[in-house]
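File shown: my_file.csv. Contents: CSV, C-alpha atoms and all ligand atoms.
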chain,number,residue,atom,x,y,z
L,1,MET,CA,2.3,20.9,-10.6
L,2,GLY,CA,1.4,20.4,-6.9
L,3,LYS,CA,3.6,20.7,-3.9
L,4,LYS,CA,6.7,18.5,-3.4
L,5,ILE,CA,6.6,14.9,-2.0
L,6,VAL,CA,9.9,13.8,-0.4
L,7,ILE,CA,10.8,10.1,-0.4
L,8,LEU,CA,13.4,9.1,2.2
L,9,GLY,CA,15.0,5.6,1.8
L,10,THR,CA,16.1,3.4,4.6
L,11,GLY,CA,16.5,0.0,3.0
L,12,GLY,CA,14.4,-3.1,3.6
L,13,THR,CA,13.0,-5.8,1.3
L,14,ILE,CA,11.4,-3.1,-0.8
L,15,ALA,CA,15.1,-2.3,-1.8
L,16,GLY,CA,16.1,-6.0,-1.8
L,17,THR,CA,17.4,-8.3,-4.5
L,18,ALA,CA,17.4,-12.0,-5.0
L,19,LYS,CA,19.2,-14.3,-7.5
L,20,SER,CA,15.9,-15.4,-9.1
L,21,SER,CA,12.5,-13.8,-9.6
L,22,GLY,CA,10.8,-16.7,-7.9
L,23,ASP,CA,12.7,-16.3,-4.6
L,24,HIS,CA,10.7,-14.3,-2.0
L,25,THR,CA,12.8,-15.2,1.0
L,26,GLY,CA,16.4,-15.9,0.1
L,27,TYR,CA,17.2,-12.3,-0.9
L,28,THR,CA,19.4,-9.6,0.5
L,29,ALA,CA,17.6,-6.5,1.8
L,30,ALA,CA,18.6,-2.9,1.2
L,31,GLN,CA,20.5,-3.2,-2.1
L,32,ILE,CA,18.8,-0.7,-4.4
L,33,GLY,CA,18.9,3.1,-3.8
L,34,VAL,CA,15.6,4.9,-3.2
L,35,ASP,CA,16.3,7.1,-6.3
L,36,GLN,CA,16.5,4.0,-8.5
L,37,LEU,CA,13.3,2.5,-6.9
L,38,VAL,CA,11.4,5.6,-7.6
L,39,GLN,CA,12.7,6.0,-11.2
L,40,ALA,CA,11.4,2.6,-12.0
L,41,ILE,CA,7.8,3.5,-11.2
L,42,PRO,CA,6.4,5.2,-14.4
L,43,SER,CA,3.2,6.5,-12.7
L,44,LEU,CA,5.2,8.8,-10.4
L,45,ALA,CA,6.8,10.6,-13.4
L,46,GLY,CA,4.5,13.7,-13.3
L,47,ILE,CA,4.9,14.3,-9.5
L,48,ASP,CA,7.4,16.8,-8.0
L,49,LEU,CA,9.5,14.3,-6.1
L,50,VAL,CA,12.7,14.6,-4.1
L,51,THR,CA,14.5,11.5,-2.9
L,52,GLU,CA,17.1,11.1,-0.1
L,53,GLN,CA,18.9,8.0,1.1
L,54,VAL,CA,18.9,8.4,4.9
L,55,ALA,CA,20.1,4.8,5.5
L,56,GLN,CA,20.4,1.5,3.7
L,57,LEU,CA,19.8,-1.4,6.1
L,58,ASP,CA,17.8,-4.5,6.8
L,59,SER,CA,15.4,-3.2,9.4
L,60,LYS,CA,16.2,-6.0,11.9
L,61,ASP,CA,19.4,-4.0,12.3
L,62,MET,CA,17.6,-0.7,13.0
L,63,GLY,CA,19.2,1.3,15.8
L,64,PHE,CA,19.0,4.6,17.6
L,65,GLU,CA,21.5,6.5,15.4
L,66,VAL,CA,19.4,5.8,12.3
L,67,TRP,CA,16.2,6.7,14.2
L,68,GLN,CA,17.8,10.0,15.2
L,69,ARG,CA,19.0,10.8,11.7
L,70,LEU,CA,15.7,9.8,10.2
L,71,ALA,CA,13.7,12.0,12.7
L,72,GLN,CA,16.0,14.9,12.0
L,73,ARG,CA,15.8,14.6,8.2
L,74,THR,CA,12.0,14.1,8.4
L,75,ALA,CA,11.7,17.2,10.6
L,76,HIS,CA,13.9,19.2,8.1
L,77,TRP,CA,11.6,18.4,5.2
L,78,LEU,CA,8.4,18.9,7.2
L,79,ALA,CA,9.6,22.4,7.9
L,80,ASP,CA,9.9,23.2,4.2
L,81,GLY,CA,6.7,25.1,3.1
L,82,ASN,CA,7.0,23.6,-0.4
L,83,VAL,CA,6.7,20.0,0.9
L,84,GLN,CA,3.2,18.5,1.1
L,85,GLY,CA,4.2,15.2,2.7
L,86,ILE,CA,6.9,12.6,3.2
L,87,VAL,CA,7.1,8.9,2.3
L,88,ILE,CA,9.7,6.7,4.0
L,89,THR,CA,10.7,3.3,2.5
L,90,HIS,CA,11.5,0.9,5.3
L,91,GLY,CA,11.9,-2.9,6.0
L,92,THR,CA,8.7,-4.5,7.4
L,93,ASP,CA,10.4,-6.1,10.4
L,94,THR,CA,10.7,-3.1,12.7
L,95,VAL,CA,8.6,-0.5,10.7
L,96,GLU,CA,6.0,-0.4,13.4
L,97,GLU,CA,8.6,0.7,16.0
L,98,THR,CA,10.0,3.4,13.7
L,99,ALA,CA,6.4,4.6,12.9
L,100,TYR,CA,5.6,4.9,16.6
L,101,PHE,CA,8.9,6.6,17.3
L,102,LEU,CA,8.5,9.2,14.6
L,103,GLN,CA,4.9,9.9,15.6
L,104,ALA,CA,5.9,10.4,19.2
L,105,VAL,CA,8.9,12.7,18.5
L,106,LEU,CA,7.5,14.7,15.6
L,107,GLN,CA,3.7,14.7,16.0
L,108,PRO,CA,3.6,16.0,12.4
L,109,ALA,CA,0.7,18.1,11.1
L,110,LYS,CA,1.6,17.0,7.6
L,111,PRO,CA,1.5,13.3,6.5
L,112,VAL,CA,4.5,11.1,7.0
L,113,VAL,CA,3.9,7.8,5.4
L,114,LEU,CA,6.0,4.7,6.0
L,115,THR,CA,5.9,2.0,3.4
L,116,CYS,CA,7.6,-1.3,2.7
L,117,ALA,CA,7.3,-4.6,0.8
L,118,MET,CA,7.1,-8.3,1.5
L,119,ARG,CA,8.7,-9.3,-1.8
L,120,PRO,CA,12.1,-8.0,-3.0
L,121,ALA,CA,12.4,-5.7,-6.0
L,122,THR,CA,13.6,-8.5,-8.2
L,123,ALA,CA,10.4,-10.6,-7.7
L,124,LEU,CA,8.2,-11.5,-10.7
L,125,ALA,CA,5.4,-9.4,-9.1
L,126,PRO,CA,7.0,-7.2,-6.5
L,127,ASP,CA,4.6,-5.4,-4.1
L,128,GLY,CA,6.9,-2.4,-3.4
L,129,PRO,CA,6.1,-0.2,-6.4
L,130,GLN,CA,2.3,-0.3,-5.7
L,131,ASN,CA,3.0,0.4,-2.0
L,132,VAL,CA,5.1,3.4,-2.9
L,133,VAL,CA,2.4,4.7,-5.3
L,134,ASP,CA,-0.3,4.3,-2.6
L,135,SER,CA,1.9,6.0,-0.1
L,136,VAL,CA,2.4,9.0,-2.4
L,137,THR,CA,-1.4,9.1,-2.8
L,138,VAL,CA,-1.8,9.3,1.0
L,139,ALA,CA,0.9,12.0,1.2
L,140,GLN,CA,-0.9,14.1,-1.3
L,141,THR,CA,-4.4,13.6,0.3
L,142,PRO,CA,-5.8,16.9,1.6
L,143,GLY,CA,-6.3,16.7,5.4
L,144,ALA,CA,-3.9,13.7,5.8
L,145,ARG,CA,-1.6,14.1,8.9
L,146,GLY,CA,0.5,12.2,11.3
L,147,VAL,CA,2.6,9.1,10.8
L,148,THR,CA,0.9,6.2,9.1
L,149,LEU,CA,2.1,2.9,7.4
L,150,VAL,CA,0.7,2.0,4.0
L,151,CYS,CA,1.0,-1.6,2.9
L,152,ALA,CA,-1.2,-3.7,0.6
L,153,GLY,CA,-3.6,-0.8,0.1
L,154,VAL,CA,-4.3,-0.4,3.8
L,155,VAL,CA,-3.5,2.8,5.7
L,156,HIS,CA,-2.5,2.0,9.3
L,157,ASP,CA,-2.0,4.4,12.3
L,158,ALA,CA,1.5,4.3,13.8
L,159,ARG,CA,0.1,3.5,17.3
L,160,ALA,CA,-2.0,0.6,16.3
L,161,VAL,CA,-0.1,-1.1,13.5
L,162,GLN,CA,1.7,-4.4,13.9
L,163,LYS,CA,3.3,-7.0,11.6
L,164,VAL,CA,1.5,-10.3,12.1
L,165,HIS,CA,2.5,-12.4,9.1
L,166,THR,CA,5.9,-13.6,8.0
L,167,TYR,CA,5.1,-14.0,4.3
L,168,ARG,CA,1.8,-12.6,3.0
L,169,LEU,CA,1.7,-9.3,1.2
L,170,ASP,CA,-0.9,-8.0,3.6
L,171,ALA,CA,1.3,-8.6,6.6
L,172,PHE,CA,0.0,-5.8,8.9
L,173,VAL,CA,-3.1,-5.3,11.1
L,174,SER,CA,-4.3,-2.4,13.3
L,175,GLY,CA,-5.9,-4.6,15.9
L,176,ASP,CA,-9.1,-3.6,17.6
L,177,ASP,CA,-8.7,0.1,16.4
L,178,GLY,CA,-8.8,-1.0,12.7
L,179,PRO,CA,-7.1,0.9,9.9
L,180,VAL,CA,-7.3,4.6,9.2
L,181,GLY,CA,-8.5,3.8,5.6
L,182,TYR,CA,-7.8,2.2,2.3
L,183,VAL,CA,-6.2,3.3,-0.9
L,184,GLU,CA,-8.5,2.4,-3.8
L,185,GLN,CA,-8.2,3.4,-7.4
L,186,GLY,CA,-5.7,6.2,-6.6
L,187,ALA,CA,-7.8,7.7,-3.8
L,188,VAL,CA,-7.9,7.3,0.0
L,189,ARG,CA,-11.2,6.2,1.6
L,190,CYS,CA,-10.9,7.0,5.3
L,191,VAL,CA,-12.8,5.0,7.8
L,192,ARG,CA,-11.5,6.7,10.9
L,193,ASP,CA,-9.6,9.9,11.8
L,194,TRP,CA,-5.9,10.5,11.0
L,195,PRO,CA,-3.4,10.2,14.0
L,196,ALA,CA,-4.0,13.0,16.5
L,197,VAL,CA,-1.3,15.7,16.7
L,198,GLU,CA,-0.2,16.1,20.3
L,199,SER,CA,2.9,17.5,22.0
L,200,PRO,CA,6.1,15.9,20.7
L,201,LYS,CA,8.3,14.0,23.1
L,202,ALA,CA,11.5,15.0,21.4
L,203,ALA,CA,14.0,15.4,24.3
L,204,LEU,CA,16.1,12.4,23.1
L,205,LEU,CA,16.6,13.9,19.7
L,206,ASP,CA,19.0,16.4,21.2
L,207,GLN,CA,21.0,13.7,23.0
L,208,PRO,CA,23.7,11.5,21.4
L,209,ALA,CA,21.9,8.2,20.5
L,210,SER,CA,24.6,6.3,22.5
L,211,SER,CA,23.2,7.9,25.7
L,212,TRP,CA,19.6,7.1,25.1
L,213,PRO,CA,18.0,5.2,28.1
L,214,ARG,CA,18.5,1.5,28.2
L,215,VAL,CA,15.0,-0.3,28.2
L,216,ASP,CA,14.7,-4.0,27.5
L,217,VAL,CA,11.7,-6.3,26.9
L,218,LEU,CA,11.1,-9.5,28.9
L,219,LEU,CA,8.4,-12.2,28.4
L,220,ASN,CA,6.3,-14.2,30.8
L,221,TYR,CA,6.1,-18.0,30.1
L,222,ALA,CA,5.8,-21.2,31.9
L,223,GLY,CA,8.7,-21.5,34.3
L,224,ALA,CA,9.7,-17.8,34.0
L,225,ASP,CA,11.6,-16.6,37.0
L,226,GLY,CA,13.4,-13.5,38.2
L,227,ARG,CA,16.9,-14.4,36.8
L,228,LEU,CA,16.8,-12.2,33.7
L,229,VAL,CA,15.5,-9.3,35.8
L,230,ARG,CA,18.5,-9.6,38.1
L,231,LEU,CA,20.9,-9.9,35.2
L,232,LEU,CA,19.5,-6.8,33.6
L,233,ARG,CA,19.8,-4.9,36.8
L,234,GLN,CA,23.4,-5.8,37.1
L,235,ASP,CA,23.9,-4.7,33.6
L,236,GLY,CA,22.5,-1.2,34.3
L,237,VAL,CA,19.0,-1.4,32.7
L,238,GLN,CA,16.9,1.7,33.4
L,239,GLY,CA,13.5,0.4,32.3
L,240,ILE,CA,11.9,-3.0,31.6
L,241,VAL,CA,8.8,-3.7,29.6
L,242,VAL,CA,7.4,-7.1,30.5
L,243,ALA,CA,5.1,-8.8,28.0
L,244,GLY,CA,2.8,-10.7,30.4
L,245,THR,CA,0.5,-13.6,29.6
L,246,GLY,CA,-3.1,-12.8,28.9
L,247,ASN,CA,-4.1,-9.7,30.8
L,248,GLY,CA,-0.5,-9.0,31.6
L,249,THR,CA,-0.2,-11.7,34.2
L,250,LEU,CA,3.2,-12.7,35.5
L,251,HIS,CA,4.7,-15.8,37.1
L,252,HIS,CA,5.0,-14.9,40.8
L,253,ASP,CA,8.8,-15.3,40.8
L,254,LEU,CA,9.2,-12.9,37.8
L,255,GLU,CA,6.7,-10.5,39.4
L,256,ALA,CA,8.5,-10.5,42.7
L,257,ALA,CA,11.8,-9.7,40.9
L,258,LEU,CA,10.1,-6.9,39.0
L,259,HIS,CA,8.8,-5.3,42.1
L,260,ASP,CA,12.3,-5.5,43.6
L,261,ALA,CA,13.5,-3.7,40.5
L,262,VAL,CA,10.9,-1.0,40.9
L,263,GLU,CA,12.0,-0.5,44.5
L,264,ALA,CA,15.6,-0.1,43.2
L,265,GLY,CA,14.4,2.7,40.9
L,266,ILE,CA,13.9,0.8,37.7
L,267,HIS,CA,10.8,1.7,35.6
L,268,VAL,CA,8.7,-1.3,34.8
L,269,VAL,CA,5.7,-1.4,32.4
L,270,ARG,CA,3.4,-4.3,32.0
L,271,ALA,CA,2.2,-5.2,28.4
L,272,THR,CA,0.8,-8.4,27.1
L,273,ARG,CA,2.2,-11.0,24.8
L,274,CYS,CA,-1.3,-11.4,23.2
L,275,ALA,CA,-1.5,-9.9,19.7
L,276,PHE,CA,-4.7,-8.0,20.5
L,277,GLY,CA,-6.3,-6.4,23.4
L,278,ARG,CA,-5.0,-4.1,26.2
L,279,VAL,CA,-3.9,-4.8,29.8
L,280,PHE,CA,-6.6,-3.9,32.3
L,281,GLY,CA,-5.3,-2.8,35.7
L,282,SER,CA,-6.9,-3.7,39.0
L,283,ALA,CA,-6.5,-2.3,42.5
L,284,GLY,CA,-3.4,-3.5,44.4
L,285,ARG,CA,0.3,-3.6,44.1
L,286,GLU,CA,0.2,-3.5,40.3
L,287,LEU,CA,2.9,-2.5,37.8
L,288,PRO,CA,1.7,0.2,35.5
L,289,ASP,CA,0.2,-1.0,32.2
L,290,SER,CA,1.3,-0.1,28.7
L,291,GLN,CA,-1.9,1.9,27.8
L,292,GLY,CA,-2.7,-0.5,25.0
L,293,LEU,CA,0.8,-0.4,23.4
L,294,SER,CA,2.4,-3.6,22.2
L,295,PRO,CA,5.6,-4.5,24.1
L,296,VAL,CA,8.0,-3.1,21.5
L,297,LYS,CA,6.1,0.2,21.3
L,298,ALA,CA,5.8,0.4,25.1
L,299,ARG,CA,9.6,0.1,25.2
L,300,VAL,CA,9.9,3.1,22.8
L,301,ALA,CA,7.3,5.1,24.9
L,302,LEU,CA,9.3,4.3,28.1
L,303,MET,CA,12.6,5.4,26.6
L,304,LEU,CA,11.0,8.6,25.4
L,305,ALA,CA,9.4,9.2,28.8
L,306,LEU,CA,12.7,8.7,30.6
L,307,GLY,CA,14.3,11.1,28.1
L,308,GLU,CA,11.6,13.7,28.9
L,309,ALA,CA,12.1,13.2,32.6
L,310,ALA,CA,15.8,13.8,32.3
L,311,ARG,CA,15.4,17.0,30.2
L,312,PRO,CA,16.9,20.0,32.1
L,313,ALA,CA,14.0,22.2,33.5
L,314,ALA,CA,13.4,25.3,31.3
L,315,ARG,CA,14.5,28.5,33.1
L,401,LIG,C1,13.6,-5.7,6.7
L,401,LIG,O1,12.8,-5.6,7.6
L,401,LIG,O2,14.4,-4.9,6.4
L,401,LIG,C2,13.6,-7.0,5.9
L,401,LIG,C3,12.3,-7.7,5.8
L,401,LIG,C4,11.3,-6.9,5.1
L,401,LIG,O3,11.4,-5.7,4.7
L,401,LIG,O4,10.2,-7.5,4.8

Could you render the structure from this file as structure tokens?
Ligand code: SIN
Amino acid sequence: MGKKIVILGTGGTIAGTAKSSGDHTGYTAAQIGVDQLVQAIPSLAGIDLVTEQVAQLDSKDMGFEVWQRLAQRTAHWLADGNVQGIVITHGTDTVEETAYFLQAVLQPAKPVVLTCAMRPATALAPDGPQNVVDSVTVAQTPGARGVTLVCAGVVHDARAVQKVHTYRLDAFVSGDDGPVGYVEQGAVRCVRDWPAVESPKAALLDQPASSWPRVDVLLNYAGADGRLVRLLRQDGVQGIVVAGTGNGTLHHDLEAALHDAVEAGIHVVRATRCAFGRVFGSAGRELPDSQGLSPVKARVALMLALGEAARPAAR
């Protein structure tokens, strides 16, 4: 028997139940325990598996306490020399944020594979079991490392992946970067490298989740003005990610309010509301861009950067 694979459950549609097998939307997420999910997959029977229920929620309700606990439990198992890799079951709706968060705070040299499902466990043909099997395959693959998301046979990098479809089983893309690889016939075919292992930005993991920096996301649109920026400032926001139009462009009223916010000490990052492509800077009085991150991931990156900046200097 090979080394252990740990499966951490957090809920989602993969653990959801509906009243009828034909109902793919009117279900309740996060009803079935991860242990029961795994027990129901016969092809996993010969593998040395450990399961742990870290949370049980619909991922639209994901919050910092669960992220903190999930990161801590993942770090715990990663440190176990008998563990080869970790699979995390998660809802599809915020899994790209969780994946980016875990990669940033853990930078794991072992594989941490998030997986999910678009159909509840009670569907006539649920997609969850195959996604779990594929994820275990990735977690057992020699040389695999970093945080990835596996869905519909595709292995996505935590940085690039985003959900782009509300219903289809293959609901995720990796944009211009493309996927890391594919799971085919029980083996991984890599088409690019695994996520790089860099220095973790883990300062927030030592802080109570209730004290994590407050960063919100705003959008540019026809008629956008500076009102929401001023309201966020009154409310004590520490950072704002603005999803601009096209190449991160902003209505001049919104832009002026954001520059005022910067002058008042608020950190502002400019992303794009376009699904693909990055924001290119140009000389002038520009707000920093999101380095190719989507608005929701740029928000996580800014929170973590603010956490690092507030870390007491080492003596
Ligand atoms: C969720 O994100 O928890 C519900 C939706 C899904 O998993 O597809």

Report as number ranges by chain all protein, DNA and RNA residues lying within 10 Å of Asp35 in chain L, evaluated on all atoms listed in the file, omitting residues in the same chain fewer than 6 positions from it.
L: 7-9, 49-53

With only C-alpha atoms as the counted atoms, please give the residues lying no more than 6 Å from range 161-165 of chain L, apart from itself and same-chain residues fewer than 5 positions off, as a list in words.
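These residues fall inside the cut-off: Glu96, His156, Ala171, Phe172, Val173 and Ser174 of chain L.
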
Determine the nearest neighbour of Asp170 in chain L from the options L:Thr89, L:Gln185, L:Thr137, L:Asn131, counting only C-alpha atoms.
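So, comparing all the options, the nearest one is L:Asn131.
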
Spatial neighbours of range 11-18 of chain L, max dist 9 Å, all atoms listed in the file, sep filter under 2 positions, as an MDAnalysis selection string
chainID L and resid 9 20:34 37 53:60 89:93 115:123 126:129

Quick one: residues within 12 Å of range 78-80 of chain L, only C-alpha atoms, excluding same-chain residues fewer than 2 positions away - as a count of residues only?
28

Final all heavy atoms of range 22-33 of chain L as a short mmCIF file (atom, residue, chain, number, x, y, z; two decimals), in the frame of the given file:
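This went into rebuild_35.cif:
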data_model
loop_
_atom_site.label_atom_id
_atom_site.label_comp_id
_atom_site.auth_asym_id
_atom_site.auth_seq_id
_atom_site.Cartn_x
_atom_site.Cartn_y
_atom_site.Cartn_z
N GLY L 22 11.74 -15.87 -8.64
CA GLY L 22 10.80 -16.70 -7.90
C GLY L 22 11.14 -16.73 -6.39
O GLY L 22 10.41 -17.31 -5.60
N ASP L 23 12.27 -16.14 -6.02
CA ASP L 23 12.70 -16.30 -4.60
C ASP L 23 12.23 -15.08 -3.81
O ASP L 23 12.65 -13.94 -4.00
CB ASP L 23 14.27 -16.30 -4.62
CG ASP L 23 14.81 -16.71 -3.26
OD1 ASP L 23 14.01 -16.74 -2.30
OD2 ASP L 23 16.01 -17.00 -3.17
N HIS L 24 11.32 -15.37 -2.86
CA HIS L 24 10.70 -14.30 -2.00
C HIS L 24 11.33 -14.29 -0.62
O HIS L 24 10.93 -13.47 0.20
CB HIS L 24 9.21 -14.52 -1.91
CG HIS L 24 8.49 -14.35 -3.19
ND1 HIS L 24 7.20 -14.78 -3.39
CD2 HIS L 24 8.88 -13.79 -4.37
CE1 HIS L 24 6.82 -14.50 -4.63
NE2 HIS L 24 7.83 -13.91 -5.24
N THR L 25 12.23 -15.23 -0.33
CA THR L 25 12.80 -15.20 1.00
C THR L 25 14.32 -15.24 1.06
O THR L 25 14.92 -14.72 2.00
CB THR L 25 12.30 -16.49 1.83
OG1 THR L 25 12.71 -17.66 1.11
CG2 THR L 25 10.79 -16.49 2.02
N GLY L 26 14.96 -15.79 0.03
CA GLY L 26 16.40 -15.90 0.10
C GLY L 26 17.09 -14.70 -0.59
O GLY L 26 18.03 -14.84 -1.37
N TYR L 27 16.65 -13.52 -0.26
CA TYR L 27 17.20 -12.30 -0.90
C TYR L 27 18.03 -11.52 0.09
O TYR L 27 18.08 -11.83 1.28
CB TYR L 27 15.99 -11.41 -1.35
CG TYR L 27 15.08 -11.03 -0.21
CD1 TYR L 27 15.35 -9.94 0.59
CD2 TYR L 27 13.95 -11.79 0.08
CE1 TYR L 27 14.54 -9.60 1.65
CE2 TYR L 27 13.12 -11.46 1.14
CZ TYR L 27 13.43 -10.37 1.92
OH TYR L 27 12.63 -10.04 2.98
N THR L 28 18.69 -10.50 -0.42
CA THR L 28 19.40 -9.60 0.50
C THR L 28 18.68 -8.26 0.47
O THR L 28 18.44 -7.65 -0.59
CB THR L 28 20.87 -9.36 -0.05
OG1 THR L 28 21.44 -10.65 -0.28
CG2 THR L 28 21.70 -8.61 0.97
N ALA L 29 18.28 -7.82 1.67
CA ALA L 29 17.60 -6.50 1.80
C ALA L 29 18.50 -5.38 1.55
O ALA L 29 19.73 -5.53 1.62
CB ALA L 29 16.94 -6.44 3.19
N ALA L 30 17.92 -4.22 1.24
CA ALA L 30 18.60 -2.90 1.20
C ALA L 30 19.79 -2.92 0.19
O ALA L 30 20.94 -2.64 0.51
CB ALA L 30 19.18 -2.62 2.60
N GLN L 31 19.49 -3.21 -1.08
CA GLN L 31 20.50 -3.20 -2.10
C GLN L 31 20.32 -2.08 -3.15
O GLN L 31 21.26 -1.63 -3.76
CB GLN L 31 20.50 -4.55 -2.88
CG GLN L 31 20.78 -5.76 -2.00
CD GLN L 31 22.13 -5.64 -1.34
OE1 GLN L 31 23.17 -5.57 -2.01
NE2 GLN L 31 22.15 -5.58 -0.02
N ILE L 32 19.08 -1.66 -3.34
CA ILE L 32 18.80 -0.70 -4.40
C ILE L 32 18.51 0.68 -3.77
O ILE L 32 17.79 0.78 -2.78
CB ILE L 32 17.52 -1.16 -5.19
CG1 ILE L 32 17.83 -2.51 -5.87
CG2 ILE L 32 17.08 -0.14 -6.22
CD1 ILE L 32 16.65 -3.10 -6.59
N GLY L 33 19.08 1.70 -4.36
CA GLY L 33 18.90 3.10 -3.80
C GLY L 33 17.46 3.54 -4.02
O GLY L 33 16.76 3.13 -4.96
#
